[in-house]
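Source file: coords-v8.tsv; contents: TSV, C-alpha atoms.
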chain	number	residue	atom	x	y	z
G	51	MET	CA	55.38	74.67	142.03
G	52	THR	CA	56.87	72.78	139.07
G	53	ARG	CA	58.06	69.23	139.67
G	54	LEU	CA	60.72	67.79	137.37
G	55	PRO	CA	62.06	64.23	137.56
G	56	PHE	CA	65.81	63.83	137.56
G	57	ALA	CA	68.42	61.13	138.01
G	58	GLN	CA	72.08	61.11	138.89
G	59	ILE	CA	74.00	58.57	136.84
G	60	ASP	CA	77.62	57.42	136.99
G	61	ALA	CA	78.81	57.16	133.38
G	62	PHE	CA	81.75	55.09	132.17
G	63	ALA	CA	81.25	53.11	135.36
G	64	SER	CA	80.38	49.49	136.12
G	65	ARG	CA	79.54	50.18	139.77
G	66	PRO	CA	78.34	53.18	141.79
G	67	PHE	CA	80.74	55.93	142.87
G	68	THR	CA	83.12	55.46	139.94
G	69	GLY	CA	83.23	57.03	136.49
G	70	ASN	CA	81.77	60.50	136.01
G	71	GLN	CA	78.58	61.77	137.61
G	72	ALA	CA	75.94	63.41	135.44
G	73	ALA	CA	72.48	64.64	136.31
G	74	VAL	CA	69.82	64.08	133.66
G	75	VAL	CA	66.59	66.07	133.59
G	76	PRO	CA	63.85	65.16	131.07
G	77	LEU	CA	61.68	68.12	130.04
G	78	GLU	CA	58.48	68.65	128.09
G	79	ALA	CA	59.53	72.15	126.92
G	80	TRP	CA	62.69	74.22	127.25
G	81	LEU	CA	62.97	76.34	130.37
G	82	ASP	CA	64.78	79.70	130.29
G	83	ASP	CA	68.52	79.26	129.96
G	84	ALA	CA	69.00	81.01	133.30
G	85	VAL	CA	66.86	78.33	134.97
G	86	LEU	CA	68.75	75.52	133.25
G	87	LEU	CA	72.02	77.02	134.44
G	88	ALA	CA	70.66	77.45	137.96
G	89	ILE	CA	69.65	73.78	138.06
G	90	ALA	CA	73.13	72.76	136.88
G	91	ALA	CA	74.70	74.98	139.55
G	92	GLU	CA	72.40	73.46	142.19
G	93	ASN	CA	73.41	69.95	141.12
G	94	ASN	CA	77.08	71.05	141.28
G	95	LEU	CA	78.25	68.19	139.05
G	96	SER	CA	80.54	68.52	136.06
G	97	GLU	CA	77.48	68.29	133.78
G	98	THR	CA	73.70	68.32	133.87
G	99	ALA	CA	71.94	67.10	130.71
G	100	PHE	CA	68.49	68.32	129.67
G	101	PHE	CA	66.50	66.64	126.92
G	102	LEU	CA	63.01	66.68	125.43
G	103	PRO	CA	61.30	64.97	122.48
G	104	ASP	CA	62.54	66.38	119.18
G	105	ALA	CA	59.57	68.03	117.50
G	106	SER	CA	61.54	68.39	114.24
G	107	GLY	CA	61.63	64.62	113.73
G	108	ALA	CA	65.35	64.74	112.95
G	109	ALA	CA	66.16	62.72	116.07
G	110	ASP	CA	64.38	61.15	119.01
G	111	TYR	CA	65.32	63.94	121.44
G	112	GLU	CA	66.92	67.35	121.64
G	113	LEU	CA	69.83	67.46	124.10
G	114	ARG	CA	71.77	70.21	125.86
G	115	TRP	CA	74.46	70.15	128.58
G	116	PHE	CA	75.42	72.64	131.28
G	117	THR	CA	78.32	72.79	133.73
G	118	PRO	CA	77.68	74.76	136.95
G	119	THR	CA	78.82	77.89	135.07
G	120	THR	CA	78.17	77.52	131.32
G	121	GLU	CA	76.55	75.61	128.45
G	122	VAL	CA	79.01	73.38	126.56
G	123	VAL	CA	79.40	72.39	122.90
G	124	LEU	CA	79.63	68.65	123.61
G	125	CYS	CA	79.53	66.38	126.65
G	126	GLY	CA	80.07	62.68	126.16
G	127	HIS	CA	79.50	61.27	129.63
G	128	ALA	CA	76.19	63.12	130.10
G	129	THR	CA	75.10	61.88	126.65
G	130	LEU	CA	75.88	58.35	127.75
G	131	ALA	CA	73.95	58.98	130.98
G	132	SER	CA	70.97	60.32	129.00
G	133	GLY	CA	70.99	57.26	126.75
G	134	HIS	CA	71.20	54.99	129.79
G	135	TYR	CA	68.25	56.77	131.40
G	136	LEU	CA	66.04	56.42	128.32
G	137	LEU	CA	67.04	52.89	127.34
G	138	SER	CA	66.67	51.64	130.91
G	139	ALA	CA	63.09	52.90	130.87
G	140	ASP	CA	62.28	51.01	127.64
G	141	PRO	CA	63.83	47.51	127.50
G	142	LEU	CA	62.46	46.96	123.97
G	143	ARG	CA	64.39	49.91	122.57
G	144	ASP	CA	67.96	49.29	121.36
G	145	ARG	CA	69.13	52.82	120.55
G	146	VAL	CA	68.30	56.50	120.97
G	147	THR	CA	69.34	59.53	118.91
G	148	PHE	CA	69.88	63.11	120.06
G	149	ARG	CA	69.89	66.36	118.09
G	150	THR	CA	72.27	68.91	119.60
G	151	ARG	CA	72.82	72.58	118.90
G	152	ARG	CA	76.54	72.54	118.08
G	153	ALA	CA	77.72	68.91	117.97
G	154	GLY	CA	75.31	67.50	115.37
G	155	GLN	CA	73.36	64.29	115.88
G	156	LEU	CA	74.55	61.79	118.48
G	157	GLU	CA	73.52	58.21	119.19
G	158	VAL	CA	73.64	55.84	122.15
G	159	ALA	CA	73.00	52.15	121.43
G	160	ARG	CA	73.00	49.01	123.56
G	161	ASP	CA	76.21	46.99	123.41
G	162	GLY	CA	75.95	43.85	125.54
G	163	ASP	CA	75.61	45.02	129.14
G	164	GLY	CA	76.91	48.47	128.21
G	165	TYR	CA	76.55	51.04	125.44
G	166	ARG	CA	78.19	52.35	122.28
G	167	MET	CA	78.03	56.09	121.77
G	168	ALA	CA	78.80	57.83	118.48
G	169	LEU	CA	80.30	61.31	118.80
G	170	PRO	CA	81.93	63.53	116.17
G	171	ALA	CA	85.65	62.75	115.76
G	172	TRP	CA	87.44	66.06	116.29
G	173	LYS	CA	91.05	65.66	115.16
G	174	PRO	CA	93.44	68.10	116.88
G	175	GLU	CA	96.29	69.73	114.99
G	176	PRO	CA	99.79	70.62	116.25
G	177	LYS	CA	100.02	74.02	117.93
G	178	PRO	CA	102.29	75.51	120.61
G	179	LEU	CA	100.49	75.82	123.97
G	180	PRO	CA	103.05	77.52	126.21
G	181	ALA	CA	100.58	78.98	128.72
G	182	ILE	CA	98.84	75.63	129.16
G	183	LEU	CA	102.15	73.83	129.60
G	184	ALA	CA	103.14	76.38	132.24
G	185	GLY	CA	99.81	75.97	134.02
G	186	LEU	CA	100.37	72.21	134.10
G	187	GLY	CA	103.83	72.72	135.60
G	188	LEU	CA	105.53	71.29	132.50
G	189	SER	CA	108.53	72.66	130.66
G	190	ALA	CA	108.12	70.39	127.61
G	191	ALA	CA	105.92	67.70	126.05
G	192	VAL	CA	106.14	65.14	123.27
G	193	GLU	CA	103.75	67.40	121.37
G	194	THR	CA	100.93	69.84	121.91
G	195	LEU	CA	97.81	70.10	119.76
G	196	TRP	CA	94.63	72.15	119.49
G	197	HIS	CA	91.06	71.79	118.23
G	198	PRO	CA	89.04	74.96	117.46
G	199	HIS	CA	86.28	73.95	119.88
G	200	ARG	CA	88.88	74.92	122.49
G	201	TYR	CA	90.38	71.54	123.27
G	202	GLY	CA	94.09	71.55	124.08
G	203	VAL	CA	96.00	68.26	123.97
G	204	VAL	CA	99.34	67.73	125.71
G	205	ALA	CA	101.02	64.42	124.87
G	206	LEU	CA	103.59	63.10	127.33
G	207	ALA	CA	106.01	60.20	127.07
G	208	GLU	CA	104.96	58.09	130.06
G	209	GLU	CA	101.87	57.31	132.15
G	210	ASP	CA	103.66	58.22	135.40
G	211	GLN	CA	104.01	61.81	134.18
G	212	VAL	CA	100.22	62.01	133.78
G	213	HIS	CA	99.60	60.71	137.30
G	214	ALA	CA	102.17	63.10	138.78
G	215	LEU	CA	100.61	66.30	137.42
G	216	ALA	CA	99.70	68.97	139.97
G	217	PRO	CA	98.26	71.78	137.83
G	218	ASP	CA	98.02	75.43	138.79
G	219	PHE	CA	94.25	75.72	138.30
G	220	ALA	CA	94.26	79.49	138.69
G	221	ALA	CA	96.74	79.77	135.82
G	222	LEU	CA	94.73	77.39	133.63
G	223	ARG	CA	91.56	79.33	134.46
G	224	GLU	CA	93.14	82.45	132.95
G	225	GLU	CA	93.10	80.70	129.56
G	226	GLY	CA	89.28	80.76	129.63
G	227	ASP	CA	86.91	77.94	128.76
G	228	VAL	CA	89.52	75.45	127.51
G	229	LEU	CA	89.39	71.70	127.99
G	230	THR	CA	92.98	70.62	128.62
G	231	ILE	CA	93.68	66.94	127.89
G	232	VAL	CA	96.96	65.39	129.04
G	233	THR	CA	97.65	61.95	127.58
G	234	ALA	CA	100.34	59.28	127.28
G	235	PRO	CA	100.70	55.60	126.42
G	236	GLY	CA	99.25	53.44	129.19
G	237	ARG	CA	100.47	50.32	130.95
G	238	ASP	CA	97.19	48.43	131.52
G	239	THR	CA	95.34	50.19	128.70
G	240	ASP	CA	96.62	51.53	125.40
G	241	VAL	CA	96.09	55.14	126.45
G	242	VAL	CA	95.83	57.06	129.70
G	243	SER	CA	94.69	60.64	130.25
G	244	ARG	CA	93.62	63.33	132.69
G	245	VAL	CA	91.36	66.26	131.82
G	246	PHE	CA	91.18	69.76	133.33
G	247	ALA	CA	88.60	72.51	132.68
G	248	PRO	CA	88.87	75.15	135.44
G	249	GLY	CA	87.65	77.83	133.03
G	250	ALA	CA	84.31	75.98	132.88
G	251	GLY	CA	84.13	75.52	136.64
G	252	ILE	CA	85.65	72.00	136.68
G	253	ASP	CA	89.20	71.72	137.97
G	254	GLU	CA	89.55	68.04	137.04
G	255	ASP	CA	86.84	66.13	135.21
G	256	PRO	CA	86.56	62.48	136.31
G	257	VAL	CA	85.88	60.85	132.90
G	258	THR	CA	85.35	62.93	129.78
G	259	GLY	CA	83.64	61.58	126.68
G	260	SER	CA	84.23	64.71	124.61
G	261	ALA	CA	87.96	64.53	125.37
G	262	HIS	CA	87.99	61.07	123.83
G	263	ALA	CA	86.21	62.44	120.77
G	264	VAL	CA	89.47	64.36	120.33
G	265	LEU	CA	91.81	61.60	121.52
G	266	THR	CA	90.26	58.93	119.27
G	267	PRO	CA	91.46	60.34	115.91
G	268	TYR	CA	94.77	61.37	117.48
G	269	TRP	CA	95.62	57.97	118.96
G	270	ALA	CA	94.12	55.97	116.07
G	271	GLN	CA	96.62	57.66	113.78
G	272	ARG	CA	99.49	57.42	116.25
G	273	LEU	CA	98.85	53.73	117.06
G	274	GLY	CA	98.15	52.84	113.44
G	275	ARG	CA	94.82	51.13	114.19
G	276	PRO	CA	91.24	52.32	114.60
G	277	SER	CA	90.46	50.81	118.04
G	278	PHE	CA	92.16	51.10	121.41
G	279	THR	CA	91.44	51.00	125.13
G	280	ALA	CA	91.65	54.07	127.34
G	281	PHE	CA	91.63	54.92	131.02
G	282	GLN	CA	91.04	58.39	132.47
G	283	ALA	CA	93.18	58.48	135.59
G	284	SER	CA	91.14	60.74	137.87
G	285	ALA	CA	90.44	59.87	141.49
G	286	ARG	CA	87.18	58.15	140.43
G	287	GLY	CA	88.63	56.74	137.22
G	288	GLY	CA	86.88	55.33	134.19
G	289	HIS	CA	87.48	52.96	131.26
G	290	ILE	CA	86.52	53.88	127.70
G	291	GLY	CA	86.70	51.80	124.55
G	292	CYS	CA	87.54	54.00	121.55
G	293	THR	CA	87.06	53.27	117.83
G	294	LEU	CA	87.45	55.63	114.88
G	295	GLU	CA	84.69	54.94	112.33
G	296	GLY	CA	84.96	57.49	109.53
G	297	ASP	CA	84.10	60.87	111.01
G	298	ARG	CA	82.73	59.31	114.21
G	299	ALA	CA	84.47	58.56	117.49
G	300	VAL	CA	82.59	55.54	118.83
G	301	LEU	CA	83.05	55.22	122.58
G	302	SER	CA	81.96	52.24	124.63
G	303	GLY	CA	81.26	52.03	128.34
G	304	LYS	CA	78.75	51.26	131.05
G	305	ALA	CA	76.55	53.42	133.29
G	306	VAL	CA	74.85	53.04	136.66
G	307	THR	CA	71.89	54.99	138.05
G	308	VAL	CA	72.72	56.10	141.60
G	309	ILE	CA	70.00	58.64	142.55
G	310	GLU	CA	66.43	59.22	141.40
G	311	GLY	CA	64.38	62.16	142.60
G	312	THR	CA	62.30	65.24	141.87
G	313	LEU	CA	63.34	68.85	141.39
G	314	LEU	CA	60.93	71.37	142.92
G	315	LEU	CA	60.99	74.73	141.13
Mind turning this structure into C-alpha cells?
Amino acid sequence: MTRLPFAQIDAFASRPFTGNQAAVVPLEAWLDDAVLLAIAAENNLSETAFFLPDASGAADYELRWFTPTTEVVLCGHATLASGHYLLSADPLRDRVTFRTRRAGQLEVARDGDGYRMALPAWKPEPKPLPAILAGLGLSAAVETLWHPHRYGVVALAEEDQVHALAPDFAALREEGDVLTIVTAPGRDTDVVSRVFAPGAGIDEDPVTGSAHAVLTPYWAQRLGRPSFTAFQASARGGHIGCTLEGDRAVLSGKAVTVIEGTLLL
C-alpha cells in the first residue's frame, strides 16, 4: 500500500467553506497519468494539484492539475493552494516557483497575510461565439472574445445580468473543453464574473484563477489602468485582486487549509 499526504485548501478565501476548493498532493515521483486522474476523480473537486521537486533546477517544483475528467493547461486557484501548502510548511520561505508543462513558470509569494501569484496574461481577442451565447441563454452581449487555450469571454453590460444567468450546461458541454467566462462591471468591486466549464466536468467553477489570467489584460485595457478588484459571483464566492505587470497577470488572494489526510493507494 502506498500512502500519500494530501490537503484540501480553500483558495481565494479568508475563511473555510468559501472560495474554491483544491486538493493538493505532494509526490516524490510522477505516478501514471491514469492514477493521477483517478485520484482527481476520487477527490471530485474542480481541481487536484500534484507537485514534486523540480529535478531540472528551473524552478522549485513541477506542477500539474487535473479536473475529475482531464488534465488542464492552467489552474490558478490550485496553484495558489499549492503555494499556500508549501509556504505554510516553511515560515522562513517567502516565495515558491513552479515549472508547468504548458503554462510556463509560475510563482506564489507571500503578500501580508495573503499571497501574490504570477500567471501568464492571456489577452482574448474579439470573436463571435454564437453557440456559447445560446448555451448561456443570451441573445446578445456587449462583446464576445476568445483565447486559443479555449477560453471564451462574454462581456455583459450589468452585474445583475451575470447573477441572473441560468446556463444550459448540456448545450455548453457540446462545445467541448471550453472555459466560458461571463463578466461585467461590478458594484462593490470593479469587475464581477461567473465561470462555466461543463466540458471539463465542472458546471460552474467557484473561483477561477486562470479565468482572471484572461480577464486581467481585458479589463486593464478597458478600465485604462493596470490594477482592479474582482469578485467571482458563484455560490461560494471569492475576491481576487488583479494587476497587469507586463506579460504577467498578478493575482492576489488568501487561502485556508480545511482538511489534511492521507491517500491510501
Exercise. What separation in Å, quoted to one decimal, exists between atom CA of Thr293 of chain G and atom CA of Glu175 of chain G?
Worked result: 19.1 Å
Write out as a Markdown table a residue-level contact list of segment 119-169 of chain G versus segment 244-256 of chain G with cut-off 9 Å: for each qualifying residue the closest pair of atoms and the distance in Å to one decimal, counting all atoms listed in the file, rows sorted by chain and residue number upward.
| residue | atom | partner | partner_atom | distance |
| --- | --- | --- | --- | --- |
| G:Thr119 | CA | G:Gly251 | CA | 6.0 |
| G:Thr120 | CA | G:Ala250 | CA | 6.5 |
| G:Glu121 | CA | G:Ala250 | CA | 8.9 |
| G:Val122 | CA | G:Ala250 | CA | 8.6 |
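Non-sequential neighbours of Gly164 of chain G (distance at most 12 Å, separation of 2 or more positions within a chain, all atoms listed in the file) are Ala61, Phe62, Ala63, Ser64, Arg65, Leu130, Ala131, Gly133, His134, Leu137, Ser138, Asp144, Arg145, Val158, Ala159, Arg160, Asp161, Gly162, Arg166, Met167, His289, Ile290, Gly291, Leu301, Ser302, Gly303, Lys304, Ala305 and Val306 of chain G.
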For this session: Name the residues in contact with His127 of chain G at a cut-off of 9 Å, using only C-alpha atoms, excluding same-chain residues fewer than 5 positions from it; report them as an MDAnalysis selection string.
Result: chainID G and resid 60:62 69:72 97 132 257:260
For this session: Name the residues in contact with Trp196 of chain G at a cut-off of 9 Å, using only C-alpha atoms, excluding same-chain residues fewer than 4 positions from it; report them as an NGL selection string.
Result: :G and (173-179 or 200-204)
With C-alpha atoms retained, write the just-selected residues as a PDB file, keeping the file's coordinate frame.
ATOM      1  CA  LYS G 173      91.050  65.660 115.160  1.00  0.00           C
ATOM      2  CA  PRO G 174      93.440  68.100 116.880  1.00  0.00           C
ATOM      3  CA  GLU G 175      96.290  69.730 114.990  1.00  0.00           C
ATOM      4  CA  PRO G 176      99.790  70.620 116.250  1.00  0.00           C
ATOM      5  CA  LYS G 177     100.020  74.020 117.930  1.00  0.00           C
ATOM      6  CA  PRO G 178     102.290  75.510 120.610  1.00  0.00           C
ATOM      7  CA  LEU G 179     100.490  75.820 123.970  1.00  0.00           C
ATOM      8  CA  ARG G 200      88.880  74.920 122.490  1.00  0.00           C
ATOM      9  CA  TYR G 201      90.380  71.540 123.270  1.00  0.00           C
ATOM     10  CA  GLY G 202      94.090  71.550 124.080  1.00  0.00           C
ATOM     11  CA  VAL G 203      96.000  68.260 123.970  1.00  0.00           C
ATOM     12  CA  VAL G 204      99.340  67.730 125.710  1.00  0.00           C
TER      13      VAL G 204
END
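Closest to Ala214 of chain G among G:Ile59, G:Pro276, G:Val300, G:Ser284 is G:Ser284, based on only C-alpha atoms.
With all atoms listed in the file as the atoms that count, the minimum distance from Asp104 of chain G to the choices G:Ala79, G:Ala221, G:Leu54, G:Leu186 is reached by G:Ala79.
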Seminar exercise, completed: One decimal place gives the atom CA of Leu315 of chain G-atom CA of Ala88 of chain G separation as 10.5 Å
Return as lines of an AutoDock Vina configuration file the centre and edge lengths, in Å with one decimal, of the box along x, y and z that encloses every atom of segment 232-250 of chain G in the file, padded by 4 Å per side.
center_x = 92.5
center_y = 63.1
center_z = 130.4
size_x = 24.4
size_y = 37.4
size_z = 18.0
For this session: Can you pull out every residue within 10 Å of Ala216 of chain G, counting all atoms listed in the file, but drop anything in the same chain fewer than 5 positions away, and send it as a PyMOL selection string?
Result: chain G and resi 185-188
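Of note, atom CA of Tyr165 of chain G and atom CA of Ala299 of chain G are spaced 13.5 Å apart.
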Problem set entry | Shell of 10 Å around Leu314 of chain G, only C-alpha atoms, local chain residues under 6 positions omitted, as JSON, numbers by chain | {"G": [51, 52, 53, 54, 55]}
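Candidate residues G:Trp172, G:Phe281, G:Phe219, G:Trp80 were compared for distance to Leu265 of chain G, and the nearest is G:Trp172, using all atoms listed in the file.
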Generate the missing atoms of segment 206-230 of chain G up to N, CA, C and O atoms and report them as a PDB file, in the frame of the given file.
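Writing done, so here's result00.pdb:
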ATOM      1  N   LEU G 206     102.384  63.357 126.555  1.00  0.00           N
ATOM      2  CA  LEU G 206     103.590  63.100 127.330  1.00  0.00           C
ATOM      3  C   LEU G 206     104.128  61.717 126.994  1.00  0.00           C
ATOM      4  O   LEU G 206     103.454  60.902 126.360  1.00  0.00           O
ATOM      5  N   ALA G 207     105.349  61.440 127.451  1.00  0.00           N
ATOM      6  CA  ALA G 207     106.010  60.200 127.070  1.00  0.00           C
ATOM      7  C   ALA G 207     105.546  59.005 127.887  1.00  0.00           C
ATOM      8  O   ALA G 207     105.470  57.887 127.361  1.00  0.00           O
ATOM      9  N   GLU G 208     105.219  59.216 129.171  1.00  0.00           N
ATOM     10  CA  GLU G 208     104.960  58.090 130.060  1.00  0.00           C
ATOM     11  C   GLU G 208     103.739  58.326 130.933  1.00  0.00           C
ATOM     12  O   GLU G 208     103.430  59.469 131.301  1.00  0.00           O
ATOM     13  N   GLU G 209     103.060  57.243 131.298  1.00  0.00           N
ATOM     14  CA  GLU G 209     101.870  57.310 132.150  1.00  0.00           C
ATOM     15  C   GLU G 209     102.171  57.957 133.501  1.00  0.00           C
ATOM     16  O   GLU G 209     101.350  58.734 134.017  1.00  0.00           O
ATOM     17  N   ASP G 210     103.341  57.662 134.079  1.00  0.00           N
ATOM     18  CA  ASP G 210     103.660  58.220 135.400  1.00  0.00           C
ATOM     19  C   ASP G 210     103.663  59.731 135.393  1.00  0.00           C
ATOM     20  O   ASP G 210     103.323  60.361 136.405  1.00  0.00           O
ATOM     21  N   GLN G 211     104.030  60.345 134.272  1.00  0.00           N
ATOM     22  CA  GLN G 211     104.010  61.810 134.180  1.00  0.00           C
ATOM     23  C   GLN G 211     102.578  62.333 134.269  1.00  0.00           C
ATOM     24  O   GLN G 211     102.341  63.404 134.843  1.00  0.00           O
ATOM     25  N   VAL G 212     101.630  61.603 133.722  1.00  0.00           N
ATOM     26  CA  VAL G 212     100.220  62.010 133.780  1.00  0.00           C
ATOM     27  C   VAL G 212      99.723  61.940 135.213  1.00  0.00           C
ATOM     28  O   VAL G 212      99.073  62.871 135.717  1.00  0.00           O
ATOM     29  N   HIS G 213     100.029  60.859 135.909  1.00  0.00           N
ATOM     30  CA  HIS G 213      99.600  60.710 137.300  1.00  0.00           C
ATOM     31  C   HIS G 213     100.213  61.780 138.195  1.00  0.00           C
ATOM     32  O   HIS G 213      99.582  62.230 139.155  1.00  0.00           O
ATOM     33  N   ALA G 214     101.437  62.199 137.902  1.00  0.00           N
ATOM     34  CA  ALA G 214     102.170  63.100 138.780  1.00  0.00           C
ATOM     35  C   ALA G 214     101.767  64.563 138.637  1.00  0.00           C
ATOM     36  O   ALA G 214     102.194  65.407 139.442  1.00  0.00           O
ATOM     37  N   LEU G 215     100.954  64.898 137.661  1.00  0.00           N
ATOM     38  CA  LEU G 215     100.610  66.300 137.420  1.00  0.00           C
ATOM     39  C   LEU G 215      99.939  66.932 138.632  1.00  0.00           C
ATOM     40  O   LEU G 215      99.067  66.330 139.268  1.00  0.00           O
ATOM     41  N   ALA G 216     100.340  68.163 138.923  1.00  0.00           N
ATOM     42  CA  ALA G 216      99.700  68.970 139.970  1.00  0.00           C
ATOM     43  C   ALA G 216      99.485  70.359 139.384  1.00  0.00           C
ATOM     44  O   ALA G 216     100.258  71.290 139.655  1.00  0.00           O
ATOM     45  N   PRO G 217      98.433  70.538 138.572  1.00  0.00           N
ATOM     46  CA  PRO G 217      98.260  71.780 137.830  1.00  0.00           C
ATOM     47  C   PRO G 217      98.027  72.998 138.724  1.00  0.00           C
ATOM     48  O   PRO G 217      97.516  72.882 139.850  1.00  0.00           O
ATOM     49  N   ASP G 218      98.373  74.147 138.196  1.00  0.00           N
ATOM     50  CA  ASP G 218      98.020  75.430 138.790  1.00  0.00           C
ATOM     51  C   ASP G 218      96.671  75.827 138.176  1.00  0.00           C
ATOM     52  O   ASP G 218      96.608  76.370 137.082  1.00  0.00           O
ATOM     53  N   PHE G 219      95.578  75.511 138.882  1.00  0.00           N
ATOM     54  CA  PHE G 219      94.250  75.720 138.300  1.00  0.00           C
ATOM     55  C   PHE G 219      93.950  77.189 138.071  1.00  0.00           C
ATOM     56  O   PHE G 219      93.246  77.546 137.120  1.00  0.00           O
ATOM     57  N   ALA G 220      94.470  78.061 138.901  1.00  0.00           N
ATOM     58  CA  ALA G 220      94.260  79.490 138.690  1.00  0.00           C
ATOM     59  C   ALA G 220      94.895  79.932 137.375  1.00  0.00           C
ATOM     60  O   ALA G 220      94.303  80.724 136.618  1.00  0.00           O
ATOM     61  N   ALA G 221      96.078  79.415 137.079  1.00  0.00           N
ATOM     62  CA  ALA G 221      96.740  79.770 135.820  1.00  0.00           C
ATOM     63  C   ALA G 221      95.978  79.206 134.628  1.00  0.00           C
ATOM     64  O   ALA G 221      95.796  79.898 133.610  1.00  0.00           O
ATOM     65  N   LEU G 222      95.512  77.961 134.730  1.00  0.00           N
ATOM     66  CA  LEU G 222      94.730  77.390 133.630  1.00  0.00           C
ATOM     67  C   LEU G 222      93.416  78.137 133.446  1.00  0.00           C
ATOM     68  O   LEU G 222      92.940  78.309 132.321  1.00  0.00           O
ATOM     69  N   ARG G 223      92.831  78.597 134.541  1.00  0.00           N
ATOM     70  CA  ARG G 223      91.560  79.330 134.460  1.00  0.00           C
ATOM     71  C   ARG G 223      91.725  80.619 133.658  1.00  0.00           C
ATOM     72  O   ARG G 223      90.782  81.070 132.990  1.00  0.00           O
ATOM     73  N   GLU G 224      92.894  81.210 133.692  1.00  0.00           N
ATOM     74  CA  GLU G 224      93.140  82.450 132.950  1.00  0.00           C
ATOM     75  C   GLU G 224      93.079  82.238 131.438  1.00  0.00           C
ATOM     76  O   GLU G 224      92.904  83.198 130.681  1.00  0.00           O
ATOM     77  N   GLU G 225      93.197  80.989 130.992  1.00  0.00           N
ATOM     78  CA  GLU G 225      93.100  80.700 129.560  1.00  0.00           C
ATOM     79  C   GLU G 225      91.659  80.642 129.080  1.00  0.00           C
ATOM     80  O   GLU G 225      91.399  80.459 127.893  1.00  0.00           O
ATOM     81  N   GLY G 226      90.698  80.767 129.996  1.00  0.00           N
ATOM     82  CA  GLY G 226      89.280  80.760 129.630  1.00  0.00           C
ATOM     83  C   GLY G 226      88.719  79.354 129.565  1.00  0.00           C
ATOM     84  O   GLY G 226      89.255  78.413 130.164  1.00  0.00           O
ATOM     85  N   ASP G 227      87.628  79.211 128.828  1.00  0.00           N
ATOM     86  CA  ASP G 227      86.910  77.940 128.760  1.00  0.00           C
ATOM     87  C   ASP G 227      87.630  77.006 127.801  1.00  0.00           C
ATOM     88  O   ASP G 227      87.257  76.834 126.635  1.00  0.00           O
ATOM     89  N   VAL G 228      88.699  76.399 128.282  1.00  0.00           N
ATOM     90  CA  VAL G 228      89.520  75.450 127.510  1.00  0.00           C
ATOM     91  C   VAL G 228      89.485  74.105 128.210  1.00  0.00           C
ATOM     92  O   VAL G 228      89.638  74.035 129.432  1.00  0.00           O
ATOM     93  N   LEU G 229      89.282  73.045 127.449  1.00  0.00           N
ATOM     94  CA  LEU G 229      89.390  71.700 127.990  1.00  0.00           C
ATOM     95  C   LEU G 229      90.815  71.209 127.713  1.00  0.00           C
ATOM     96  O   LEU G 229      91.192  71.013 126.552  1.00  0.00           O
ATOM     97  N   THR G 230      91.583  71.042 128.752  1.00  0.00           N
ATOM     98  CA  THR G 230      92.980  70.620 128.620  1.00  0.00           C
ATOM     99  C   THR G 230      93.077  69.120 128.852  1.00  0.00           C
ATOM    100  O   THR G 230      92.700  68.619 129.913  1.00  0.00           O
TER     101      THR G 230
END
